[in-house]
file start-v1.cif (mmCIF, C-alpha atoms and all ligand atoms)
data_data
#
loop_
_atom_site.label_atom_id
_atom_site.label_comp_id
_atom_site.auth_asym_id
_atom_site.auth_seq_id
_atom_site.Cartn_x
_atom_site.Cartn_y
_atom_site.Cartn_z
CA MET Q 1 44.67 -181.94 -45.44
CA ALA Q 2 44.86 -178.26 -44.47
CA LEU Q 3 48.35 -176.78 -44.12
CA ILE Q 4 47.30 -174.50 -41.26
CA GLU Q 5 44.15 -174.91 -39.22
CA ALA Q 6 42.71 -172.88 -36.36
CA ARG Q 7 40.15 -174.70 -34.22
CA GLY Q 8 38.13 -172.75 -31.68
CA VAL Q 9 41.00 -170.36 -30.95
CA GLU Q 10 40.61 -167.82 -28.17
CA PHE Q 11 43.11 -165.26 -26.89
CA GLY Q 12 43.10 -162.15 -24.71
CA TYR Q 13 45.44 -160.02 -22.65
CA ASN Q 14 45.07 -159.40 -18.91
CA GLY Q 15 41.89 -161.44 -18.70
CA ILE Q 16 40.10 -159.42 -21.39
CA PRO Q 17 39.18 -161.55 -24.43
CA LEU Q 18 40.37 -160.21 -27.78
CA PHE Q 19 38.95 -162.95 -30.00
CA GLN Q 20 37.02 -166.17 -29.39
CA ASN Q 21 36.11 -169.29 -31.30
CA ILE Q 22 38.22 -168.48 -34.37
CA ASN Q 23 38.01 -171.28 -36.94
CA PHE Q 24 39.62 -171.43 -40.37
CA SER Q 25 41.89 -173.58 -42.47
CA ILE Q 26 44.44 -172.64 -45.12
CA GLU Q 27 45.19 -174.97 -47.98
CA SER Q 28 48.53 -175.32 -49.71
CA GLY Q 29 49.02 -172.77 -52.51
CA GLU Q 30 46.43 -170.40 -51.11
CA LEU Q 31 46.74 -166.72 -50.30
CA PHE Q 32 44.90 -165.92 -47.10
CA CYS Q 33 44.42 -162.28 -46.07
CA LEU Q 34 43.47 -161.01 -42.61
CA LEU Q 35 41.76 -157.64 -42.74
CA GLY Q 36 40.40 -155.58 -39.86
CA PRO Q 37 40.60 -152.28 -38.00
CA ASN Q 38 43.53 -151.20 -35.82
CA GLY Q 39 43.72 -153.20 -32.62
CA CYS Q 40 41.23 -155.93 -33.63
CA GLY Q 41 43.87 -158.61 -33.00
CA LYS Q 42 45.47 -159.46 -36.35
CA THR Q 43 49.07 -159.50 -35.06
CA THR Q 44 47.98 -161.42 -31.95
CA LEU Q 45 46.25 -164.06 -34.09
CA LEU Q 46 49.38 -164.33 -36.28
CA ASP Q 47 51.46 -164.78 -33.09
CA CYS Q 48 49.16 -167.66 -32.08
CA ILE Q 49 49.50 -169.21 -35.54
CA LEU Q 50 53.30 -168.92 -35.38
CA GLY Q 51 53.38 -170.55 -31.94
CA HIS Q 52 54.71 -167.35 -30.29
CA LEU Q 53 51.55 -167.13 -28.14
CA LYS Q 54 49.58 -170.05 -26.78
CA PRO Q 55 45.80 -169.75 -27.29
CA LEU Q 56 43.78 -169.68 -24.07
CA LYS Q 57 41.37 -172.10 -25.74
CA GLY Q 58 41.45 -174.14 -28.95
CA GLU Q 59 44.45 -175.12 -31.03
CA ILE Q 60 46.53 -174.26 -34.09
CA LEU Q 61 47.55 -177.13 -36.34
CA LEU Q 62 50.47 -177.00 -38.75
CA ASN Q 63 50.38 -179.99 -41.12
CA ASP Q 64 47.96 -181.67 -38.72
CA SER Q 65 50.24 -181.32 -35.67
CA ASN Q 66 49.52 -178.99 -32.78
CA ILE Q 67 52.01 -176.13 -33.20
CA SER Q 68 52.74 -176.04 -29.47
CA ARG Q 69 54.24 -179.51 -29.80
CA ILE Q 70 56.53 -178.70 -32.79
CA ARG Q 71 60.13 -177.67 -32.04
CA PRO Q 72 60.94 -174.04 -33.04
CA GLU Q 73 63.60 -175.10 -35.58
CA GLN Q 74 61.06 -177.42 -37.24
CA ILE Q 75 58.55 -174.57 -37.43
CA ALA Q 76 61.29 -172.36 -38.91
CA ARG Q 77 61.77 -174.82 -41.77
CA GLN Q 78 58.09 -174.64 -42.60
CA VAL Q 79 57.02 -171.08 -41.80
CA ALA Q 80 58.89 -167.80 -42.33
CA TYR Q 81 57.68 -164.58 -40.73
CA VAL Q 82 57.80 -160.98 -41.88
CA PRO Q 83 56.98 -159.01 -38.71
CA GLN Q 84 55.31 -155.63 -38.64
CA ASN Q 85 57.84 -154.15 -36.23
CA HIS Q 86 61.33 -155.44 -35.75
CA GLU Q 87 63.46 -154.35 -32.87
CA LYS Q 88 66.88 -153.34 -34.10
CA THR Q 89 69.00 -154.25 -31.12
CA PHE Q 90 72.46 -154.72 -32.64
CA PRO Q 91 74.07 -153.02 -35.66
CA TYR Q 92 74.34 -156.16 -37.78
CA ARG Q 93 75.22 -155.91 -41.47
CA VAL Q 94 72.13 -156.24 -43.67
CA LEU Q 95 73.58 -159.36 -45.32
CA ASP Q 96 74.00 -160.97 -41.88
CA VAL Q 97 70.37 -160.19 -41.01
CA VAL Q 98 69.22 -161.90 -44.22
CA LEU Q 99 71.55 -164.83 -43.45
CA MET Q 100 69.64 -165.28 -40.16
CA GLY Q 101 66.87 -166.67 -42.38
CA ARG Q 102 69.19 -169.65 -42.90
CA ALA Q 103 69.55 -170.35 -39.14
CA ALA Q 104 67.28 -173.41 -39.18
CA TYR Q 105 69.61 -175.05 -41.73
CA ILE Q 106 72.93 -174.20 -40.07
CA GLY Q 107 74.32 -176.13 -37.09
CA MET Q 108 74.61 -174.20 -33.83
CA PHE Q 109 78.41 -174.03 -34.04
CA ASP Q 110 78.69 -173.78 -37.84
CA ARG Q 111 79.07 -170.74 -40.06
CA PRO Q 112 76.85 -170.09 -43.10
CA GLY Q 113 78.21 -171.94 -46.14
CA GLU Q 114 78.59 -170.88 -49.78
CA GLU Q 115 75.06 -172.03 -50.56
CA ASP Q 116 73.57 -170.02 -47.67
CA LEU Q 117 75.45 -166.95 -48.88
CA ALA Q 118 74.21 -167.42 -52.46
CA ILE Q 119 70.61 -167.82 -51.24
CA ALA Q 120 70.86 -164.66 -49.09
CA GLU Q 121 72.36 -162.67 -52.00
CA GLU Q 122 69.58 -163.90 -54.29
CA ALA Q 123 66.93 -162.85 -51.74
CA LEU Q 124 68.48 -159.36 -51.52
CA ALA Q 125 68.46 -159.08 -55.31
CA THR Q 126 64.86 -160.28 -55.52
CA VAL Q 127 63.59 -157.39 -53.42
CA GLY Q 128 66.04 -154.96 -55.06
CA ILE Q 129 68.25 -154.11 -52.08
CA THR Q 130 71.63 -155.60 -53.01
CA HIS Q 131 73.07 -152.09 -52.65
CA LEU Q 132 72.20 -152.17 -48.92
CA LYS Q 133 73.96 -155.44 -48.10
CA ASP Q 134 76.96 -153.94 -46.28
CA ARG Q 135 74.98 -151.21 -44.51
CA ARG Q 136 74.33 -151.32 -40.77
CA TYR Q 137 70.82 -152.55 -40.17
CA THR Q 138 70.22 -150.01 -37.37
CA GLN Q 139 70.77 -147.14 -39.82
CA LEU Q 140 68.08 -148.10 -42.32
CA SER Q 141 64.76 -146.36 -42.96
CA GLY Q 142 61.47 -148.08 -42.01
CA GLY Q 143 60.81 -149.11 -45.61
CA GLU Q 144 64.36 -150.45 -46.07
CA VAL Q 145 64.01 -152.53 -42.88
CA GLN Q 146 60.75 -153.95 -44.21
CA LEU Q 147 62.44 -155.02 -47.44
CA VAL Q 148 65.24 -156.66 -45.40
CA MET Q 149 62.60 -158.61 -43.44
CA VAL Q 150 61.04 -159.83 -46.68
CA ALA Q 151 64.49 -160.84 -47.98
CA ARG Q 152 65.19 -162.72 -44.72
CA ALA Q 153 61.89 -164.62 -45.09
CA LEU Q 154 62.70 -165.49 -48.72
CA ALA Q 155 66.14 -166.76 -47.66
CA GLN Q 156 64.42 -169.10 -45.21
CA ARG Q 157 63.00 -171.02 -48.23
CA THR Q 158 59.87 -172.24 -46.42
CA PRO Q 159 56.63 -173.44 -48.01
CA VAL Q 160 54.66 -170.93 -45.91
CA ILE Q 161 55.28 -167.22 -45.31
CA VAL Q 162 53.32 -165.24 -42.73
CA MET Q 163 53.45 -161.49 -43.37
CA ASP Q 164 52.23 -158.80 -41.00
CA GLU Q 165 51.47 -155.69 -43.04
CA PRO Q 166 54.53 -156.21 -45.25
CA THR Q 167 54.02 -153.03 -47.27
CA ALA Q 168 53.22 -150.66 -44.39
CA HIS Q 169 56.30 -148.43 -44.81
CA LEU Q 170 56.90 -148.92 -48.49
CA ASP Q 171 56.76 -146.34 -51.26
CA PHE Q 172 54.47 -146.56 -54.30
CA LYS Q 173 56.88 -148.72 -56.31
CA HIS Q 174 58.21 -150.96 -53.53
CA GLU Q 175 54.68 -151.81 -52.40
CA LEU Q 176 54.08 -153.16 -55.90
CA VAL Q 177 57.48 -154.96 -55.90
CA ILE Q 178 56.38 -156.91 -52.82
CA MET Q 179 52.87 -157.57 -54.17
CA GLU Q 180 54.31 -158.85 -57.47
CA LYS Q 181 56.79 -161.03 -55.57
CA VAL Q 182 54.00 -162.50 -53.46
CA VAL Q 183 52.01 -163.35 -56.59
CA GLU Q 184 55.11 -164.92 -58.18
CA LEU Q 185 55.89 -166.99 -55.06
CA VAL Q 186 52.35 -168.39 -54.91
CA ARG Q 187 51.86 -168.87 -58.64
CA GLU Q 188 55.29 -170.17 -59.66
CA GLN Q 189 56.64 -171.78 -56.50
CA GLY Q 190 53.34 -172.94 -54.97
CA LEU Q 191 53.97 -171.12 -51.68
CA THR Q 192 51.20 -170.52 -49.19
CA ILE Q 193 50.96 -166.99 -47.85
CA LEU Q 194 49.07 -165.63 -44.87
CA MET Q 195 49.07 -161.83 -44.81
CA ALA Q 196 47.61 -159.27 -42.46
CA THR Q 197 46.95 -156.08 -44.36
CA HIS Q 198 45.19 -152.76 -43.93
CA PHE Q 199 44.36 -152.49 -47.61
CA PRO Q 200 41.26 -154.25 -49.01
CA ASN Q 201 42.65 -153.57 -52.48
CA HIS Q 202 45.57 -155.91 -51.71
CA CYS Q 203 43.04 -158.75 -51.56
CA PHE Q 204 41.53 -157.69 -54.88
CA TYR Q 205 45.05 -157.38 -56.36
CA PHE Q 206 45.70 -161.06 -55.56
CA GLU Q 207 42.29 -162.13 -56.85
CA ASN Q 208 42.73 -160.01 -59.98
CA SER Q 209 46.06 -161.82 -60.51
CA GLY Q 210 44.23 -165.15 -60.64
CA LEU Q 211 45.45 -166.53 -57.28
CA ILE Q 212 43.21 -168.60 -55.03
CA THR Q 213 42.59 -165.84 -52.51
CA ARG Q 214 40.51 -165.79 -49.36
CA VAL Q 215 40.00 -163.00 -46.94
CA ALA Q 216 38.87 -163.04 -43.31
CA LEU Q 217 37.30 -159.83 -42.00
CA MET Q 218 38.21 -159.62 -38.34
CA SER Q 219 36.07 -157.59 -36.00
CA ASN Q 220 34.38 -157.70 -32.64
CA MET Q 221 35.92 -160.93 -31.27
CA ASN Q 222 35.49 -163.03 -34.41
CA PHE Q 223 35.32 -163.07 -38.19
CA LEU Q 224 32.55 -160.97 -39.66
CA ALA Q 225 32.96 -162.85 -42.96
CA LEU Q 226 35.33 -165.29 -44.65
CA GLY Q 227 35.46 -165.96 -48.37
CA SER Q 228 36.89 -164.80 -51.69
CA PRO Q 229 37.49 -161.03 -52.05
CA SER Q 230 34.60 -160.74 -54.53
CA GLU Q 231 32.24 -162.47 -52.10
CA VAL Q 232 33.35 -160.74 -48.92
CA LEU Q 233 34.59 -157.25 -49.79
CA SER Q 234 31.17 -155.77 -50.33
CA GLU Q 235 30.22 -152.16 -49.65
CA GLU Q 236 27.97 -153.43 -46.83
CA ASN Q 237 30.68 -155.49 -45.11
CA LEU Q 238 33.25 -152.68 -45.36
CA LYS Q 239 30.80 -150.26 -43.80
CA GLN Q 240 30.24 -152.70 -40.95
CA LEU Q 241 33.96 -153.38 -40.51
CA TYR Q 242 35.45 -149.89 -40.85
CA TYR Q 243 32.52 -147.45 -40.69
CA VAL Q 244 33.47 -146.28 -44.15
CA ASN Q 245 31.24 -145.80 -47.19
CA THR Q 246 32.87 -147.32 -50.25
CA ARG Q 247 32.22 -148.18 -53.87
CA VAL Q 248 33.45 -151.40 -55.41
CA VAL Q 249 34.34 -150.66 -59.03
CA SER Q 250 35.33 -152.89 -61.89
CA PHE Q 251 37.12 -151.68 -65.00
CA PRO Q 252 38.76 -153.30 -68.01
CA VAL Q 253 42.55 -153.11 -68.34
CA ASP Q 254 42.77 -155.49 -71.24
CA VAL Q 255 40.41 -157.23 -73.67
CA ASN Q 256 40.27 -160.26 -71.38
CA GLN Q 257 40.89 -158.73 -67.99
CA GLU Q 258 38.74 -156.79 -65.58
CA ILE Q 259 40.15 -155.34 -62.38
CA LYS Q 260 38.18 -154.83 -59.19
CA GLN Q 261 39.02 -152.10 -56.70
CA ILE Q 262 37.48 -150.44 -53.69
CA ILE Q 263 37.26 -146.70 -53.45
CA ALA Q 264 36.76 -145.11 -50.03
CA ILE Q 265 34.11 -142.38 -50.21
CA SER Q 266 33.51 -141.14 -46.64
CA THR Q 267 33.42 -142.23 -43.01
CA THR Q 268 30.05 -142.91 -41.43
CA ASP Q 269 29.03 -141.43 -38.09
CA SER Q 270 27.89 -144.71 -36.50
CA ARG Q 271 31.17 -145.50 -34.74
CA HIS Q 272 31.00 -146.53 -31.07
CA GLU Q 273 33.57 -147.90 -28.70
CA ASP Q 274 33.33 -150.56 -26.03
CA LYS Q 275 34.77 -150.26 -22.52
CA GLN Q 276 38.23 -151.12 -23.82
CA GLY Q 277 37.96 -148.44 -26.49
CA ARG Q 278 37.56 -150.96 -29.34
CA SER Q 279 35.19 -150.30 -32.22
CA VAL Q 280 31.83 -151.99 -31.90
CA LEU Q 281 28.63 -151.78 -33.89
N1 LIG Q 301 51.44 -157.67 -24.92
C1 LIG Q 301 50.26 -157.08 -24.82
N2 LIG Q 301 49.68 -156.83 -23.63
C2 LIG Q 301 48.48 -156.23 -23.52
N3 LIG Q 301 47.72 -155.85 -24.58
C3 LIG Q 301 48.25 -156.07 -25.81
C4 LIG Q 301 49.53 -156.69 -26.00
N4 LIG Q 301 49.78 -156.78 -27.32
C5 LIG Q 301 48.70 -156.22 -27.94
N5 LIG Q 301 47.79 -155.80 -27.04
C6 LIG Q 301 46.47 -155.18 -27.33
O1 LIG Q 301 45.68 -156.13 -28.02
C7 LIG Q 301 44.92 -155.50 -29.04
C8 LIG Q 301 45.22 -156.17 -30.38
O2 LIG Q 301 46.53 -155.87 -30.76
P1 LIG Q 301 47.11 -156.39 -32.14
O3 LIG Q 301 48.49 -155.83 -32.30
O4 LIG Q 301 46.94 -157.85 -32.22
O5 LIG Q 301 46.07 -155.70 -33.16
P2 LIG Q 301 46.19 -155.48 -34.74
O6 LIG Q 301 44.86 -155.83 -35.31
O7 LIG Q 301 47.37 -156.21 -35.29
O8 LIG Q 301 46.42 -153.91 -34.79
P3 LIG Q 301 47.09 -152.95 -35.93
O9 LIG Q 301 46.21 -153.08 -37.14
O10 LIG Q 301 46.98 -151.60 -35.31
O11 LIG Q 301 48.49 -153.42 -36.15
C9 LIG Q 301 45.27 -154.03 -29.00
O12 LIG Q 301 44.26 -153.35 -28.27
C10 LIG Q 301 46.61 -153.99 -28.26
O13 LIG Q 301 46.76 -152.79 -27.54
#
call {"tool": "encode", "arguments": {"input": "start-v1.cif", "output": "structure tokens", "more": "lines below"}}
Ligand SMILES: Nc1ncnc2c1ncn2[C@@H]1O[C@H](COP(=O)(O)OP(=O)(O)OP(=O)(O)O)[C@@H](O)[C@H]1O
result
Amino acid sequence: MALIEARGVEFGYNGIPLFQNINFSIESGELFCLLGPNGCGKTTLLDCILGHLKPLKGEILLNDSNISRIRPEQIARQVAYVPQNHEKTFPYRVLDVVLMGRAAYIGMFDRPGEEDLAIAEEALATVGITHLKDRRYTQLSGGEVQLVMVARALAQRTPVIVMDEPTAHLDFKHELVIMEKVVELVREQGLTILMATHFPNHCFYFENSGLITRVALMSNMNFLALGSPSEVLSEENLKQLYYVNTRVVSFPVDVNQEIKQIIAISTTDSRHEDKQGRSVL
């Protein structure tokens, strides 16, 4: 049984379709990446999967149940979310923001217990931001906020984490901290992760690490391709998806290990836009 399944999903804003007939399933313990140009609909599709938006057609199943019929607190025990942008409305302490990840386990009129506190502290330590725990959340940098969001998702202790560009604001080291953590969560704790990313090399990083990794290339209303990074991230597909000439290279880092990476060479001049200003072939 698939953990998450999309069947014939369609969504659009203001009567203009953004994607149609999206079909895929994600198995337990899998790392599923969504890759595609700006504005192709990755965040919108994630919002449908999380039950934040209702598809205009089709359905999303979580453990074989239609997500629109699962109560939000039940979803929160199964799926944690690391959003791309998080509105900072109130100057909460960072520790309190991470403790919000425990909300689905705490009664409406109860306070977080010792165990919740220990889990939140552990999540802060895992992403290396214990030193920020008493800071006001509204005063953090973009990268620090992103790390807090990852810590909050870890504190939620769910079998599935959905991440929307989780490394977008992070520096060279912290990007790797998150990537290593993702690999550890999948490999050692059997978590299932669905991640929207702008970096094809993230998909190769997961595949190079030995994880069961699949990537969906999203473009022009649907998936251009769906498969393992080695199958799907070809120079041809990347040219079609991004209008970029690339080279896929492979090099040894160890006697037994080869690493694959994509190098961007140049943009092509075959880019066109449709009436809504979206890239089309
Ligand atoms: N609430 C909304 N109302 C109207 N249009 C919207 C709304 N939210 C998003 N859009 C539009 O839908 C399209 C897809 O947006 P979405 O954020 O899903 O794309 P994305 O692939 O995640 O983009 P990016 O890679 O830039 O984050 C964009 O053209 C965006 O402007």
call {"tool": "axis_aligned_box", "arguments": {"input": "start-v1.cif", "around": "region 149-162 of chain Q", "padding_each_side": "4 Å", "output": "lines of an AutoDock Vina configuration file"}}
result
center_x = 59.7
center_y = -166.0
center_z = -45.7
size_x = 20.8
size_y = 22.8
size_z = 14.0
call {"tool": "closest_residue", "arguments": {"input": "start-v1.cif", "among": "Q:Gly58, Q:Pro159, Q:Pro83, Q:Pro200", "to": "Glu5 (chain Q)", "atoms": "only C-alpha atoms"}}
result
Q:Gly58
call {"tool": "residues_near_ligand", "arguments": {"input": "start-v1.cif", "ligand": "ligand LIG 301 (chain Q)", "cutoff": "8 Å", "atoms": "only C-alpha atoms and all ligand atoms", "output": "VMD selection string"}}
result
chain Q and resid 12 to 14 18 36 to 45 84 164 to 165 196 to 198 276 278
call {"tool": "residues_around", "arguments": {"input": "start-v1.cif", "residues": "region 131-141 of chain Q", "least_positions_apart": "5", "cutoff": "6 Å", "atoms": "only C-alpha atoms", "output": "list in words"}}
result
Lys88, Pro91, Tyr92, Arg93, Val94 and Leu95 of chain Q
call {"tool": "closest_residue", "arguments": {"input": "start-v1.cif", "among": "Q:Ala168, Q:Val253, Q:Leu117, Q:Cys203", "to": "Glu231 (chain Q)", "atoms": "all atoms listed in the file"}}
result
Q:Cys203
call {"tool": "closest_residue", "arguments": {"input": "start-v1.cif", "among": "Q:Asn237, Q:Val148, Q:Thr130, Q:Ile4", "to": "Asp64 (chain Q)", "atoms": "only C-alpha atoms"}}
result
Q:Ile4
call {"tool": "closest_residue", "arguments": {"input": "start-v1.cif", "among": "Q:Val248, Q:Leu185, Q:Ala103, Q:Leu241", "to": "Phe223 (chain Q)", "atoms": "all atoms listed in the file"}}
result
Q:Leu241
call {"tool": "residues_around", "arguments": {"input": "start-v1.cif", "residues": "Phe32 (chain Q)", "least_positions_apart": "4", "cutoff": "6 Å", "atoms": "only C-alpha atoms", "output": "PDB file with C-alpha atoms, in the coordinates of the input"}}
result
ATOM      1  CA  LEU Q 194      49.070-165.630 -44.870  1.00  0.00           C
ATOM      2  CA  THR Q 213      42.590-165.840 -52.510  1.00  0.00           C
ATOM      3  CA  ARG Q 214      40.510-165.790 -49.360  1.00  0.00           C
ATOM      4  CA  VAL Q 215      40.000-163.000 -46.940  1.00  0.00           C
TER       5      VAL Q 215
END
call {"tool": "decode", "arguments": {"input": "start-v1.cif", "residues": "region 50-110 of chain Q", "atoms": "C-alpha atoms", "output": "mmCIF file, in the first residue's frame"}}
result
data_model
loop_
_atom_site.group_PDB
_atom_site.id
_atom_site.type_symbol
_atom_site.label_atom_id
_atom_site.label_comp_id
_atom_site.auth_asym_id
_atom_site.auth_seq_id
_atom_site.Cartn_x
_atom_site.Cartn_y
_atom_site.Cartn_z
ATOM 1 C CA LEU Q 50 -1.084 18.331 2.812
ATOM 2 C CA GLY Q 51 -4.837 18.915 2.558
ATOM 3 C CA HIS Q 52 -4.406 22.725 2.679
ATOM 4 C CA LEU Q 53 -5.932 23.018 -0.816
ATOM 5 C CA LYS Q 54 -8.649 20.822 -2.248
ATOM 6 C CA PRO Q 55 -7.940 19.560 -5.790
ATOM 7 C CA LEU Q 56 -10.465 20.676 -8.393
ATOM 8 C CA LYS Q 57 -10.406 17.114 -9.718
ATOM 9 C CA GLY Q 58 -8.942 13.838 -8.458
ATOM 10 C CA GLU Q 59 -7.903 12.932 -4.939
ATOM 11 C CA ILE Q 60 -4.974 12.646 -2.541
ATOM 12 C CA LEU Q 61 -4.806 9.536 -0.392
ATOM 13 C CA LEU Q 62 -2.852 9.295 2.843
ATOM 14 C CA ASN Q 63 -2.612 5.669 4.005
ATOM 15 C CA ASP Q 64 -5.456 4.851 1.617
ATOM 16 C CA SER Q 65 -7.840 7.490 3.050
ATOM 17 C CA ASN Q 66 -8.849 10.613 1.184
ATOM 18 C CA ILE Q 67 -6.947 13.433 2.915
ATOM 19 C CA SER Q 68 -9.986 15.728 2.797
ATOM 20 C CA ARG Q 69 -11.746 13.328 5.144
ATOM 21 C CA ILE Q 70 -8.912 13.105 7.739
ATOM 22 C CA ARG Q 71 -9.050 15.479 10.724
ATOM 23 C CA PRO Q 72 -6.183 18.043 10.803
ATOM 24 C CA GLU Q 73 -4.793 16.721 14.120
ATOM 25 C CA GLN Q 74 -4.682 13.207 12.645
ATOM 26 C CA ILE Q 75 -2.805 14.518 9.602
ATOM 27 C CA ALA Q 76 -0.424 16.349 11.961
ATOM 28 C CA ARG Q 77 0.495 13.057 13.629
ATOM 29 C CA GLN Q 78 1.406 11.565 10.283
ATOM 30 C CA VAL Q 79 2.821 14.425 8.217
ATOM 31 C CA ALA Q 80 5.069 17.316 9.284
ATOM 32 C CA TYR Q 81 5.639 20.297 7.009
ATOM 33 C CA VAL Q 82 8.635 22.527 6.470
ATOM 34 C CA PRO Q 83 7.188 25.494 4.544
ATOM 35 C CA GLN Q 84 9.124 27.639 2.107
ATOM 36 C CA ASN Q 85 7.906 30.893 3.621
ATOM 37 C CA HIS Q 86 6.662 31.270 7.138
ATOM 38 C CA GLU Q 87 4.860 34.344 8.275
ATOM 39 C CA LYS Q 88 6.330 35.589 11.521
ATOM 40 C CA THR Q 89 3.292 37.157 13.123
ATOM 41 C CA PHE Q 90 4.157 37.088 16.829
ATOM 42 C CA PRO Q 91 7.551 37.333 18.569
ATOM 43 C CA TYR Q 92 7.482 33.837 20.053
ATOM 44 C CA ARG Q 93 10.619 32.356 21.600
ATOM 45 C CA VAL Q 94 12.338 29.926 19.223
ATOM 46 C CA LEU Q 95 11.857 27.078 21.718
ATOM 47 C CA ASP Q 96 8.108 27.785 21.787
ATOM 48 C CA VAL Q 97 7.952 27.683 17.978
ATOM 49 C CA VAL Q 98 9.643 24.264 17.991
ATOM 50 C CA LEU Q 99 7.259 23.133 20.758
ATOM 51 C CA MET Q 100 4.376 23.922 18.367
ATOM 52 C CA GLY Q 101 5.487 20.756 16.557
ATOM 53 C CA ARG Q 102 4.132 18.900 19.600
ATOM 54 C CA ALA Q 103 0.639 20.465 19.320
ATOM 55 C CA ALA Q 104 -1.007 17.319 17.944
ATOM 56 C CA TYR Q 105 0.075 15.436 21.089
ATOM 57 C CA ILE Q 106 -0.916 18.055 23.672
ATOM 58 C CA GLY Q 107 -4.505 18.580 24.835
ATOM 59 C CA MET Q 108 -6.086 21.923 23.937
ATOM 60 C CA PHE Q 109 -5.946 23.177 27.535
ATOM 61 C CA ASP Q 110 -2.692 21.440 28.535
#
